[in-house]
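**Q** This one is coords_29.txt, compact mmCIF, C-alpha atoms and all ligand atoms.
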```txt
# COMPACT_ATOMS: atom_id res chain seq x y z
CA MET A 77 1.29 -65.47 -18.81
CA GLY A 78 0.63 -68.38 -16.49
CA CYS A 79 3.50 -70.14 -14.82
CA LEU A 80 4.50 -73.83 -14.81
CA GLY A 81 4.78 -73.81 -18.57
CA SER A 82 1.03 -73.82 -18.71
CA LYS A 83 -1.14 -72.22 -21.33
CA PRO A 84 -3.09 -69.29 -19.90
CA LEU A 85 -6.80 -69.55 -20.54
CA ASP A 86 -8.94 -66.51 -20.08
CA ASN A 87 -12.20 -67.21 -18.29
CA THR A 88 -14.38 -66.31 -21.21
CA MET A 89 -13.16 -66.44 -24.80
CA GLU A 90 -10.27 -68.82 -24.13
CA ASN A 91 -12.47 -71.07 -22.04
CA LEU A 92 -14.98 -71.27 -24.83
CA LYS A 93 -12.24 -72.12 -27.30
CA PHE A 94 -11.06 -74.81 -24.94
CA ILE A 95 -14.53 -76.31 -24.66
CA GLU A 96 -15.07 -76.15 -28.38
CA GLU A 97 -11.78 -77.91 -29.14
CA ALA A 98 -12.39 -80.51 -26.47
CA THR A 99 -15.91 -81.19 -27.69
CA VAL A 100 -14.82 -81.61 -31.28
CA LYS A 101 -11.94 -83.90 -30.37
CA LYS A 102 -13.95 -86.24 -28.20
CA SER A 103 -14.85 -89.47 -29.94
CA PRO A 104 -17.60 -91.74 -28.57
CA GLY A 105 -16.05 -94.27 -26.20
CA GLY A 106 -12.60 -92.72 -26.71
CA GLU A 107 -10.31 -91.02 -24.24
CA PRO A 108 -12.04 -87.85 -23.01
CA ALA A 109 -10.53 -84.60 -24.24
CA PHE A 110 -10.46 -83.24 -20.69
CA ARG A 111 -10.93 -84.62 -17.23
CA THR A 112 -13.13 -83.19 -14.54
CA ILE A 113 -11.89 -82.60 -11.02
CA LEU A 114 -14.44 -81.76 -8.36
CA LEU A 115 -13.79 -79.61 -5.30
CA LEU A 116 -15.84 -80.73 -2.30
CA GLY A 117 -16.00 -79.84 1.38
CA ALA A 118 -18.10 -77.93 3.91
CA GLY A 119 -18.58 -74.16 3.81
CA GLU A 120 -15.45 -72.04 4.35
CA SER A 121 -13.09 -75.00 4.07
CA GLY A 122 -11.22 -73.17 1.29
CA LYS A 123 -12.53 -74.66 -1.97
CA SER A 124 -12.95 -71.37 -3.83
CA THR A 125 -9.60 -70.18 -2.53
CA ILE A 126 -7.91 -73.22 -4.05
CA ALA A 127 -9.75 -72.49 -7.32
CA LYS A 128 -8.60 -68.85 -7.20
CA GLN A 129 -4.98 -69.94 -6.68
CA ILE A 130 -5.27 -72.27 -9.66
CA LYS A 131 -6.60 -69.36 -11.68
CA ILE A 132 -3.62 -67.24 -10.61
CA LEU A 133 -1.18 -70.04 -11.46
CA TYR A 134 -2.70 -71.17 -14.73
CA HIS A 135 -4.49 -68.10 -16.08
CA GLY A 136 -2.01 -65.50 -14.90
CA GLY A 137 -4.41 -63.87 -12.40
CA PHE A 138 -7.52 -61.73 -12.57
CA THR A 139 -8.71 -59.23 -15.11
CA ALA A 140 -9.33 -55.59 -14.16
CA ALA A 141 -13.09 -56.22 -14.23
CA GLU A 142 -12.73 -59.21 -11.91
CA ALA A 143 -10.46 -57.23 -9.58
CA ALA A 144 -13.06 -54.44 -9.44
CA ARG A 145 -15.71 -56.93 -8.33
CA TYR A 146 -13.36 -58.39 -5.73
CA LYS A 147 -12.75 -54.87 -4.43
CA GLU A 148 -16.48 -54.61 -3.70
CA THR A 149 -16.42 -58.00 -2.00
CA ILE A 150 -13.44 -57.01 0.15
CA HIS A 151 -15.13 -53.77 1.21
CA GLN A 152 -18.25 -55.74 2.10
CA ASN A 153 -16.17 -58.25 4.05
CA VAL A 154 -14.53 -55.43 6.04
CA ILE A 155 -17.76 -53.59 6.86
CA SER A 156 -19.75 -56.67 7.80
CA SER A 157 -16.87 -58.00 9.95
CA ILE A 158 -16.49 -54.82 11.98
CA LYS A 159 -20.26 -54.63 12.46
CA THR A 160 -20.34 -58.22 13.74
CA LEU A 161 -17.51 -57.49 16.15
CA LEU A 162 -19.25 -54.36 17.42
CA GLU A 163 -22.46 -56.29 18.01
CA ALA A 164 -20.53 -58.98 19.87
CA ALA A 165 -18.71 -56.35 21.93
CA ALA A 166 -22.02 -54.77 22.92
CA ILE A 167 -23.52 -58.15 23.88
CA ALA A 168 -20.38 -58.95 25.89
CA GLY A 169 -21.05 -55.87 28.05
CA SER A 170 -18.76 -53.31 26.41
CA GLU A 171 -21.56 -50.92 25.44
CA ARG A 172 -20.39 -48.28 27.97
CA GLU A 173 -16.85 -48.32 26.54
CA LEU A 174 -18.27 -48.09 23.03
CA HIS A 175 -20.10 -44.94 24.11
CA SER A 176 -16.94 -43.32 25.43
CA GLU A 177 -15.89 -40.03 23.93
CA THR A 178 -13.07 -41.58 21.92
CA LEU A 179 -15.13 -44.35 20.34
CA ARG A 180 -18.72 -43.07 20.18
CA ASP A 181 -18.60 -41.29 16.80
CA HIS A 182 -16.72 -44.15 15.15
CA VAL A 183 -19.21 -46.69 16.46
CA LEU A 184 -22.04 -44.56 15.09
CA ALA A 185 -20.32 -44.24 11.70
CA VAL A 186 -19.93 -48.02 11.41
CA ARG A 187 -23.45 -48.76 12.64
CA ALA A 188 -24.87 -46.30 10.12
CA SER A 189 -23.01 -47.91 7.25
CA ASN A 190 -24.45 -50.56 5.02
CA ASP A 191 -22.57 -53.76 4.08
CA ARG A 192 -22.86 -52.69 0.46
CA ASP A 193 -21.40 -49.25 1.04
CA GLU A 194 -18.07 -48.23 -0.33
CA LEU A 195 -15.24 -48.27 2.19
CA THR A 196 -14.39 -44.56 2.22
CA ARG A 197 -11.32 -43.02 3.81
CA GLU A 198 -13.46 -41.71 6.70
CA LEU A 199 -15.10 -45.06 7.35
CA GLY A 200 -11.68 -46.70 7.12
CA GLU A 201 -10.38 -44.27 9.76
CA SER A 202 -13.25 -45.16 12.11
CA ILE A 203 -12.65 -48.89 11.57
CA LYS A 204 -8.94 -48.43 12.26
CA ILE A 205 -9.66 -46.74 15.59
CA LEU A 206 -12.22 -49.36 16.57
CA TRP A 207 -9.90 -52.22 15.56
CA GLY A 208 -7.33 -50.80 17.99
CA SER A 209 -9.86 -50.55 20.83
CA GLY A 210 -10.29 -52.93 23.77
CA PRO A 211 -13.93 -53.95 23.13
CA VAL A 212 -13.32 -54.92 19.50
CA ARG A 213 -10.05 -56.72 20.28
CA ARG A 214 -11.75 -58.75 22.99
CA ALA A 215 -14.58 -59.62 20.61
CA TRP A 216 -12.03 -60.71 17.99
CA GLU A 217 -10.26 -62.92 20.52
CA ALA A 218 -13.54 -64.74 21.09
CA SER A 219 -14.38 -64.76 17.38
CA SER A 220 -14.49 -68.54 17.00
CA LYS A 221 -17.95 -68.24 18.54
CA LEU A 222 -18.97 -65.62 15.98
CA GLN A 223 -19.61 -65.76 12.27
CA VAL A 224 -16.81 -63.46 11.23
CA ILE A 225 -14.38 -64.27 8.44
CA GLU A 226 -10.95 -65.44 9.47
CA SER A 227 -9.32 -62.93 7.08
CA ALA A 228 -10.83 -59.97 8.97
CA ALA A 229 -7.62 -59.23 10.93
CA TYR A 230 -5.60 -59.26 7.68
CA PHE A 231 -7.98 -56.67 6.20
CA PHE A 232 -8.23 -54.48 9.34
CA ASP A 233 -4.44 -54.40 9.72
CA ASP A 234 -4.19 -52.93 6.23
CA ILE A 235 -7.25 -50.69 6.35
CA ASP A 236 -5.44 -47.54 5.14
CA ARG A 237 -4.53 -49.24 1.88
CA LEU A 238 -7.95 -50.87 1.47
CA SER A 239 -9.85 -47.60 2.03
CA SER A 240 -7.60 -45.54 -0.21
CA GLU A 241 -9.24 -43.96 -3.27
CA VAL A 242 -6.73 -45.68 -5.54
CA TYR A 243 -7.07 -49.10 -3.92
CA TYR A 244 -6.66 -52.01 -6.34
CA PRO A 245 -6.81 -55.52 -4.82
CA THR A 246 -3.67 -57.63 -4.90
CA ASN A 247 -3.86 -61.37 -5.55
CA ASN A 248 -3.34 -61.89 -1.86
CA ASP A 249 -6.31 -59.63 -1.01
CA ILE A 250 -8.45 -61.56 -3.49
CA LEU A 251 -7.42 -64.88 -1.97
CA ARG A 252 -8.37 -63.56 1.48
CA SER A 253 -11.76 -62.30 0.39
CA ARG A 254 -14.83 -64.36 1.12
CA THR A 255 -18.06 -64.95 -0.75
CA LYS A 256 -20.15 -68.01 -0.15
CA THR A 257 -20.45 -70.12 -3.30
CA THR A 258 -24.03 -70.73 -4.24
CA GLY A 259 -25.11 -73.30 -6.76
CA ILE A 260 -23.85 -74.60 -10.01
CA ASN A 261 -25.51 -72.67 -12.74
CA PRO A 262 -27.49 -75.31 -14.66
CA PHE A 263 -26.79 -73.44 -17.90
CA GLN A 264 -23.12 -74.13 -17.50
CA ARG A 265 -23.71 -77.75 -18.30
CA ALA A 266 -25.36 -76.84 -21.59
CA VAL A 267 -21.96 -75.82 -22.88
CA PHE A 268 -21.07 -79.48 -23.06
CA VAL A 269 -23.76 -80.29 -25.56
CA PRO A 270 -21.66 -81.36 -28.57
CA LEU A 271 -22.93 -78.63 -30.82
CA THR A 272 -20.07 -76.29 -31.36
CA VAL A 273 -22.33 -74.16 -33.47
CA THR A 274 -24.44 -73.54 -30.36
CA VAL A 275 -21.40 -72.15 -28.63
CA LYS A 276 -20.67 -69.89 -31.57
CA MET A 277 -24.22 -68.71 -32.08
CA HIS A 278 -24.87 -67.93 -28.44
CA LEU A 279 -21.44 -66.70 -27.60
CA SER A 280 -22.54 -63.57 -25.81
CA CYS A 281 -25.09 -65.51 -23.81
CA PHE A 282 -22.56 -68.10 -22.67
CA VAL A 283 -19.93 -65.52 -21.97
CA SER A 284 -22.20 -63.64 -19.65
CA LEU A 285 -23.30 -66.81 -17.89
CA ARG A 286 -19.77 -67.88 -17.26
CA LEU A 287 -18.48 -64.60 -15.96
CA PRO A 288 -17.71 -64.60 -12.25
CA GLN A 289 -20.49 -63.00 -10.25
CA HIS A 290 -18.79 -61.97 -7.08
CA ALA A 291 -21.68 -59.99 -5.74
CA SER A 292 -24.02 -62.94 -5.54
CA SER A 293 -21.85 -66.03 -5.71
CA SER A 294 -18.25 -66.97 -5.25
CA GLY A 295 -17.10 -66.24 -8.74
CA ILE A 296 -15.44 -69.37 -9.87
CA SER A 297 -17.65 -72.36 -10.17
CA GLU A 298 -15.98 -73.86 -13.23
CA LEU A 299 -12.43 -73.33 -14.27
CA PHE A 300 -10.53 -74.85 -17.16
CA PHE A 301 -6.80 -75.29 -17.09
CA GLU A 302 -4.07 -77.21 -18.81
CA ALA A 303 -1.24 -78.95 -16.95
CA ASP A 304 1.50 -81.14 -18.44
CA GLY A 305 -0.25 -80.99 -21.80
CA LYS A 306 -3.52 -82.36 -20.40
CA LYS A 307 -6.77 -80.46 -20.05
CA TYR A 308 -8.90 -80.27 -16.94
CA LYS A 309 -12.14 -78.80 -15.79
CA LEU A 310 -12.29 -77.88 -12.10
CA ILE A 311 -15.75 -77.60 -10.55
CA ASP A 312 -16.12 -75.59 -7.35
CA VAL A 313 -19.39 -76.14 -5.49
CA GLY A 314 -20.94 -74.45 -2.46
CA GLY A 315 -20.29 -76.31 0.79
CA GLN A 316 -22.95 -74.99 3.13
CA ARG A 317 -25.80 -77.34 4.03
CA SER A 318 -28.31 -75.86 1.59
CA GLU A 319 -25.79 -76.22 -1.25
CA ARG A 320 -24.86 -79.85 -0.76
CA ARG A 321 -27.83 -81.39 -2.50
CA LYS A 322 -26.52 -79.75 -5.67
CA TRP A 323 -23.27 -81.70 -5.46
CA LEU A 324 -24.86 -84.58 -7.27
CA ASN A 325 -25.63 -82.34 -10.23
CA THR A 326 -21.96 -82.42 -11.02
CA TYR A 327 -22.55 -85.99 -12.11
CA ALA A 328 -24.50 -84.76 -15.06
CA VAL A 329 -21.38 -83.48 -16.76
CA ASP A 330 -20.29 -85.36 -19.87
CA GLU A 331 -17.01 -86.72 -18.69
CA GLY A 332 -17.80 -87.92 -15.15
CA ILE A 333 -15.61 -87.06 -12.19
CA SER A 334 -12.05 -88.31 -12.48
CA ALA A 335 -10.83 -87.08 -9.07
CA ILE A 336 -12.02 -85.17 -6.03
CA ILE A 337 -10.13 -82.52 -4.10
CA TYR A 338 -11.78 -82.57 -0.69
CA CYS A 339 -11.12 -79.62 1.65
CA ILE A 340 -11.35 -79.70 5.43
CA SER A 341 -10.46 -76.69 7.54
CA MET A 342 -7.96 -77.57 10.27
CA SER A 343 -8.77 -74.38 12.12
CA SER A 344 -12.45 -75.25 12.51
CA PHE A 345 -12.02 -77.35 15.65
CA ASP A 346 -13.18 -74.53 17.96
CA GLN A 347 -15.65 -72.87 15.58
CA LEU A 348 -19.41 -73.03 15.27
CA LEU A 349 -21.21 -73.89 12.07
CA ALA A 350 -22.62 -70.87 10.22
CA GLU A 351 -25.80 -72.79 9.34
CA ASP A 352 -26.43 -74.03 12.92
CA ILE A 353 -24.47 -72.49 15.76
CA ARG A 354 -25.20 -75.47 18.03
CA VAL A 355 -22.89 -77.61 15.88
CA ASN A 356 -19.10 -77.70 16.03
CA ARG A 357 -17.64 -77.06 12.57
CA MET A 358 -15.03 -79.76 12.61
CA GLU A 359 -17.49 -82.41 13.77
CA GLU A 360 -19.71 -81.44 10.84
CA GLU A 361 -16.76 -81.58 8.44
CA VAL A 362 -15.62 -85.02 9.60
CA GLU A 363 -19.13 -86.49 9.39
CA LEU A 364 -19.69 -84.93 5.97
CA PHE A 365 -16.42 -86.38 4.71
CA ARG A 366 -17.39 -89.82 6.03
CA GLN A 367 -20.79 -89.69 4.35
CA THR A 368 -19.63 -88.22 1.07
CA SER A 369 -16.59 -90.32 0.49
CA ASN A 370 -18.51 -93.53 1.12
CA SER A 371 -21.61 -92.52 -0.82
CA THR A 372 -22.52 -94.47 -3.93
CA TRP A 373 -21.73 -91.50 -6.11
CA PHE A 374 -18.37 -90.39 -4.88
CA LYS A 375 -16.78 -93.46 -3.34
CA ASP A 376 -14.97 -94.60 -6.48
CA ALA A 377 -13.40 -91.26 -7.30
CA PRO A 378 -9.80 -91.07 -6.10
CA THR A 379 -9.65 -88.34 -3.49
CA LEU A 380 -7.02 -85.82 -2.56
CA LEU A 381 -7.88 -84.75 0.96
CA LEU A 382 -6.64 -81.29 1.93
CA LEU A 383 -6.25 -80.48 5.58
CA ASN A 384 -6.41 -76.81 4.79
CA LYS A 385 -5.85 -73.59 6.75
CA ALA A 386 -2.67 -75.05 8.25
CA ASP A 387 -1.39 -71.49 8.87
CA LEU A 388 -4.41 -70.62 11.03
CA PHE A 389 -4.21 -73.95 12.82
CA ARG A 390 -0.53 -73.38 13.63
CA GLU A 391 -1.37 -70.01 15.19
CA LYS A 392 -4.44 -71.26 17.02
CA ILE A 393 -2.76 -74.14 18.81
CA LYS A 394 -0.38 -71.67 20.44
CA ARG A 395 -3.28 -70.45 22.55
CA ILE A 396 -5.99 -73.11 22.58
CA ASP A 397 -5.61 -76.49 24.24
CA LEU A 398 -6.38 -79.09 21.59
CA LYS A 399 -7.18 -81.78 24.14
CA GLU A 400 -10.14 -79.70 25.29
CA LYS A 401 -11.53 -79.09 21.83
CA LEU A 402 -10.61 -82.08 19.67
CA PRO A 403 -12.49 -85.24 20.70
CA HIS A 404 -10.21 -88.25 21.42
CA TYR A 405 -7.02 -86.23 20.99
CA THR A 406 -4.63 -86.89 23.85
CA GLY A 407 -1.38 -85.48 22.46
CA ASP A 408 0.36 -82.15 22.95
CA ASN A 409 -0.32 -78.92 21.12
CA ASN A 410 2.23 -79.95 18.55
CA PHE A 411 1.53 -79.19 14.88
CA ASP A 412 2.93 -82.42 13.41
CA GLU A 413 1.38 -84.65 16.05
CA ALA A 414 -2.03 -83.03 15.72
CA SER A 415 -1.89 -83.08 11.89
CA LYS A 416 -1.06 -86.78 11.93
CA PHE A 417 -3.96 -87.42 14.32
CA LEU A 418 -6.36 -85.69 11.93
CA ILE A 419 -4.98 -87.43 8.84
CA ASP A 420 -5.22 -90.86 10.50
CA LYS A 421 -8.74 -90.18 11.67
CA LEU A 422 -9.95 -89.02 8.26
CA THR A 423 -8.10 -91.70 6.30
CA SER A 424 -9.77 -94.37 8.41
CA LEU A 425 -13.18 -93.07 7.28
CA LYS A 426 -12.71 -93.65 3.55
CA ARG A 427 -12.50 -97.11 2.14
CA ASN A 428 -11.11 -96.30 -1.30
CA GLU A 429 -8.07 -94.60 -2.75
CA MET A 430 -7.07 -91.31 -1.19
CA LYS A 431 -4.07 -89.19 -0.40
CA ALA A 432 -3.90 -86.48 2.26
CA LEU A 433 -1.99 -83.20 2.19
CA VAL A 434 -1.65 -80.49 4.83
CA THR A 435 -2.08 -77.17 3.03
CA CYS A 436 -2.41 -73.44 3.29
CA ALA A 437 -4.47 -72.23 0.34
CA MET A 438 -2.70 -68.86 0.56
CA ASP A 439 0.58 -70.54 -0.33
CA SER A 440 1.01 -70.97 -4.09
CA GLU A 441 3.62 -73.72 -3.64
CA ASP A 442 1.12 -75.76 -1.69
CA VAL A 443 -1.42 -75.34 -4.47
CA VAL A 444 1.15 -76.40 -7.08
CA ARG A 445 1.49 -79.64 -5.09
CA VAL A 446 -2.29 -79.96 -4.97
CA VAL A 447 -2.55 -79.64 -8.75
CA LYS A 448 0.26 -82.13 -9.28
CA ASP A 449 -1.35 -84.74 -7.03
CA ALA A 450 -4.91 -84.15 -8.18
CA THR A 451 -4.03 -84.35 -11.88
CA ARG A 452 -1.96 -87.48 -11.25
CA LEU A 453 -4.92 -89.12 -9.45
CA SER A 454 -7.20 -87.97 -12.23
CA GLN A 455 -5.01 -89.44 -14.99
CA ALA A 456 -4.54 -92.70 -13.09
CA ASN A 457 -8.30 -93.15 -12.76
CA LYS A 458 -9.32 -95.79 -15.26
CA MET A 459 -12.81 -96.13 -13.82
CA MET A 460 -14.33 -92.88 -14.96
CA LYS A 461 -18.08 -93.00 -15.10
CA SER A 462 -19.78 -91.28 -17.94
CA SER A 463 -22.94 -89.41 -17.17
CA GLY A 464 -26.27 -90.84 -18.14
CA SER A 465 -28.25 -91.79 -15.12
CA GLN A 466 -28.42 -88.95 -12.69
CA PRO A 467 -28.40 -89.99 -9.03
CA SER A 468 -31.31 -88.85 -6.94
CA ARG A 469 -29.84 -88.53 -3.43
CA LEU A 470 -26.62 -88.49 -1.54
CA ALA A 471 -26.47 -91.70 0.50
N1 LIG B 501 -5.50 -68.04 6.37
C1 LIG B 501 -6.11 -68.86 5.52
N2 LIG B 501 -7.33 -68.53 5.06
C2 LIG B 501 -7.91 -69.37 4.19
C3 LIG B 501 -7.32 -70.57 3.74
N3 LIG B 501 -8.17 -71.17 2.87
C4 LIG B 501 -9.23 -70.37 2.77
N4 LIG B 501 -9.10 -69.29 3.57
C5 LIG B 501 -10.06 -68.20 3.77
O1 LIG B 501 -11.25 -68.77 4.28
C6 LIG B 501 -12.39 -68.09 3.75
C7 LIG B 501 -13.34 -69.10 3.14
O2 LIG B 501 -12.72 -69.69 2.00
P1 LIG B 501 -13.55 -70.12 0.72
O3 LIG B 501 -12.55 -70.58 -0.27
O4 LIG B 501 -14.49 -69.06 0.33
O5 LIG B 501 -14.38 -71.36 1.28
P2 LIG B 501 -15.35 -72.34 0.47
O6 LIG B 501 -14.99 -73.72 0.87
O7 LIG B 501 -15.31 -72.02 -0.97
O8 LIG B 501 -16.76 -71.95 1.11
P3 LIG B 501 -18.23 -72.13 0.43
O9 LIG B 501 -18.20 -71.42 -0.87
O10 LIG B 501 -19.18 -71.51 1.41
O11 LIG B 501 -18.46 -73.59 0.31
C8 LIG B 501 -11.85 -67.05 2.77
O12 LIG B 501 -11.85 -65.79 3.41
C9 LIG B 501 -10.43 -67.50 2.48
O13 LIG B 501 -9.58 -66.41 2.24
C10 LIG B 501 -6.02 -70.92 4.26
O14 LIG B 501 -5.43 -71.97 3.97
N5 LIG B 501 -5.49 -70.02 5.15
MG MG B 502 -16.73 -71.33 -2.27
```
Can I see the file as structure tokens?

**A**
Amino acid sequence: MGCLGSKPLDNTMENLKFIEEATVKKSPGGEPAFRTILLLGAGESGKSTIAKQIKILYHGGFTAAEAARYKETIHQNVISSIKTLLEAAAIAGSERELHSETLRDHVLAVRASNDRDELTRELGESIKILWGSGPVRRAWEASSKLQVIESAAYFFDDIDRLSSEVYYPTNNDILRSRTKTTGINPFQRAVFVPLTVTVKMHLSCFVSLRLPQHASSSGISELFFEADGKKYKLIDVGGQRSERRKWLNTYAVDEGISAIIYCISMSSFDQLLAEDIRVNRMEEEVELFRQTSNSTWFKDAPTLLLLNKADLFREKIKRIDLKEKLPHYTGDNNFDEASKFLIDKLTSLKRNEMKALVTCAMDSEDVVRVVKDATRLSQANKMMKSSGSQPSRLA
């Protein structure tokens, strides 16, 4: 059962019922039966994590099949992270230490493993020993220069549990897992064709298309939920450069976009962009926000800006001097002062209605606030565009 007095909607059958009801109820020119909220932001800013939290809050969590797929993802995250750290340690000159008697066999075991392998007890033991070693710790401390997921330490610290034969991912593990979102499946839009019979006739086809595919994409790209008696569709897109041109496809949905939840990672100020390691992540995020929120297509949608990963930011500023990394920042390494600086800077870049929140996507209370504000913005939006003309390019 979902919380907040909401109606739980399973991803498949219940979602289809929801769509069918909404489609039937919609009258031409009338109030739409549900409103669409779009999640935007650069890669790894936390969009899918917000969507997962909403699924936990409003659908009551994940099914056993979904959890099994997340288990694979988590194992892949762990193996690829330790391999990246080992490579970095070797490049940083720790190869001799890695060949020491205590580490050698464990290094070999990890290097011989494949990202898609199962995380066995033995491999888990090797990772545990390596995670406690000097070369890997030093590589982790310099990890903002690497492409390693920020949840890696959380996973390594709990490696015994994760590599156990009876391991079953908790909601927290699932929230920490990482898969890049790729694309919006064009078939998903076909569901909105007002032919309920189509939905019925091709039920199995639609069900399979809408199932999360954790192995190849993030899992949730569309999620339906009901809050305060109103229905919403949440669209989660991929944020990496190659994915952004697909953002405009979201305009082809029937109802138009009633609000945007825009994620920016606060902890990205010292990180390098996965797509181009010459670029600072936060600079990319700020410029992308400026462009997107003033583009012809998105500028009128009320925006809830999330300064996300506040927990990581809070930890990071204990050891990294913000003045050195954050252009134009002259204040102290103080959380409130730095957050205000970022909010002011980002708010000044958007001309139309927006509200900013500092969030940690791991924190369900924060996500409850996000839903409250986003649905309020969505309901207050009287300017919803209906689809029809599809834009060609992001300005
Ligand atoms: N500690 C912490 N980790 C977070 C937070 N938000 C997201 N993450 C983690 O950051 C990683 C990336 O998050 P995603 O939600 O996959 O990012 P995304 O914006 O969907 O990325 P793309 O799909 O590539 O566009 C995941 O491992 C999350 O667990 C947060 O507020 N705090
Ligand atoms: Mg994603």

**Q** Ranking A:Asn457, A:Val447, A:Asp346, A:Arg254 by minimum distance to A:Asp397 and counting only C-alpha atoms, which one comes first?

**A**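 Checking each of A:Asn457, A:Val447, A:Asp346, A:Arg254 against A:Asp397, counting only C-alpha atoms, the winner is A:Asp346.
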
**Q** List as JSON lines every residue of chain A that is in contact with ligand LIG 501 (chain B), defined as an atom at most 7 Å from one of its atoms (using only C-alpha atoms and all ligand atoms), together with the nearest atom pair and the distance in Å rounded to one decimal, sorted by chain and then rising number.

**A**
```
{"residue": "A:Gly117", "atom": "CA", "partner": "B:LIG501", "partner_atom": "O6", "distance": 6.2}
{"residue": "A:Ala118", "atom": "CA", "partner": "B:LIG501", "partner_atom": "O11", "distance": 5.7}
{"residue": "A:Gly119", "atom": "CA", "partner": "B:LIG501", "partner_atom": "O11", "distance": 3.5}
{"residue": "A:Glu120", "atom": "CA", "partner": "B:LIG501", "partner_atom": "O5", "distance": 3.3}
{"residue": "A:Ser121", "atom": "CA", "partner": "B:LIG501", "partner_atom": "O6", "distance": 3.9}
{"residue": "A:Gly122", "atom": "CA", "partner": "B:LIG501", "partner_atom": "O3", "distance": 3.3}
{"residue": "A:Lys123", "atom": "CA", "partner": "B:LIG501", "partner_atom": "O6", "distance": 3.9}
{"residue": "A:Ser124", "atom": "CA", "partner": "B:LIG501", "partner_atom": "O3", "distance": 3.7}
{"residue": "A:Thr125", "atom": "CA", "partner": "B:LIG501", "partner_atom": "O3", "distance": 3.7}
{"residue": "A:Ile126", "atom": "CA", "partner": "B:LIG501", "partner_atom": "O3", "distance": 6.5}
{"residue": "A:Ile225", "atom": "CA", "partner": "B:LIG501", "partner_atom": "O12", "distance": 5.8}
{"residue": "A:Glu226", "atom": "CA", "partner": "B:LIG501", "partner_atom": "O12", "distance": 6.1}
{"residue": "A:Ser227", "atom": "CA", "partner": "B:LIG501", "partner_atom": "O12", "distance": 5.3}
{"residue": "A:Leu251", "atom": "CA", "partner": "B:LIG501", "partner_atom": "O13", "distance": 5.0}
{"residue": "A:Arg252", "atom": "CA", "partner": "B:LIG501", "partner_atom": "O13", "distance": 3.2}
{"residue": "A:Ser253", "atom": "CA", "partner": "B:LIG501", "partner_atom": "O12", "distance": 4.6}
{"residue": "A:Arg254", "atom": "CA", "partner": "B:LIG501", "partner_atom": "O12", "distance": 4.0}
{"residue": "A:Thr255", "atom": "CA", "partner": "B:LIG501", "partner_atom": "O4", "distance": 5.6}
{"residue": "A:Lys256", "atom": "CA", "partner": "B:LIG501", "partner_atom": "O10", "distance": 4.0}
{"residue": "A:Thr257", "atom": "CA", "partner": "B:LIG501", "partner_atom": "O9", "distance": 3.6}
{"residue": "A:Thr258", "atom": "CA", "partner": "B:LIG501", "partner_atom": "O9", "distance": 6.8}
{"residue": "A:Ser294", "atom": "CA", "partner": "B:LIG501", "partner_atom": "O9", "distance": 6.2}
{"residue": "A:Val313", "atom": "CA", "partner": "B:LIG501", "partner_atom": "O11", "distance": 6.4}
{"residue": "A:Gly314", "atom": "CA", "partner": "B:LIG501", "partner_atom": "O11", "distance": 3.8}
{"residue": "A:Gly315", "atom": "CA", "partner": "B:LIG501", "partner_atom": "O11", "distance": 3.3}
{"residue": "A:Gln316", "atom": "CA", "partner": "B:LIG501", "partner_atom": "O10", "distance": 5.4}
{"residue": "A:Asn384", "atom": "CA", "partner": "B:LIG501", "partner_atom": "O14", "distance": 5.0}
{"residue": "A:Lys385", "atom": "CA", "partner": "B:LIG501", "partner_atom": "O14", "distance": 3.2}
{"residue": "A:Ala386", "atom": "CA", "partner": "B:LIG501", "partner_atom": "O14", "distance": 6.0}
{"residue": "A:Asp387", "atom": "CA", "partner": "B:LIG501", "partner_atom": "N5", "distance": 5.7}
{"residue": "A:Leu388", "atom": "CA", "partner": "B:LIG501", "partner_atom": "N1", "distance": 5.4}
{"residue": "A:Thr435", "atom": "CA", "partner": "B:LIG501", "partner_atom": "O14", "distance": 6.3}
{"residue": "A:Cys436", "atom": "CA", "partner": "B:LIG501", "partner_atom": "O14", "distance": 3.4}
{"residue": "A:Ala437", "atom": "CA", "partner": "B:LIG501", "partner_atom": "O14", "distance": 3.8}
{"residue": "A:Met438", "atom": "CA", "partner": "B:LIG501", "partner_atom": "O14", "distance": 5.4}
```

**Q** Between atom CA of A:Gly136 and atom CA of A:Thr246, measure the distance and give it in Å to one decimal.

**A** 12.8 Å

**Q** Could you please determine the separation between atom CA of A:Asp236 and atom CA of A:Ile158 in Å, to one decimal place?

**A** 14.9 Å

**Q** Give as a list in words each residue that has an atom at most 12 Å from (-9.3, -41.3, 7.3) in the file, counting all atoms listed in the file.

**A**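 Returned residue set, sorted by chain then number, is His182, Leu195, Thr196, Arg197, Glu198, Leu199, Gly200, Glu201, Ser202, Ile203, Lys204, Ile205, Ile235, Asp236, Arg237, Leu238, Ser239, Ser240 and Glu241 of chain A.
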
**Q** Between atom CA of A:Lys421 and atom CA of A:Leu382, what is the spacing in Å?

**A**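 Between atom CA of A:Leu382 and atom CA of A:Lys421 the gap is 13.4 Å.
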
**Q** Nearest to ligand MG 502 (chain B): which of A:Thr372, A:Gln455, A:Ser297, A:Ser440 is it, counting only C-alpha atoms and all ligand atoms?

**A**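 With only C-alpha atoms and all ligand atoms as the atom set, the closest residue is A:Ser297.
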
**Q** Show me as a PDB file with C-alpha atoms, in the coordinates of the input the residues that reach within 10 Å of (-26.3, -63.0, 10.3), counting all atoms listed in the file and using the file's own coordinates.

**A**
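As a result, result_29.pdb now contains:
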```
ATOM      1  CA  SER A 156     -19.750 -56.670   7.800  1.00  0.00           C
ATOM      2  CA  THR A 160     -20.340 -58.220  13.740  1.00  0.00           C
ATOM      3  CA  LEU A 222     -18.970 -65.620  15.980  1.00  0.00           C
ATOM      4  CA  GLN A 223     -19.610 -65.760  12.270  1.00  0.00           C
ATOM      5  CA  VAL A 224     -16.810 -63.460  11.230  1.00  0.00           C
ATOM      6  CA  ALA A 350     -22.620 -70.870  10.220  1.00  0.00           C
ATOM      7  CA  GLU A 351     -25.800 -72.790   9.340  1.00  0.00           C
TER       8      GLU A 351
END
```
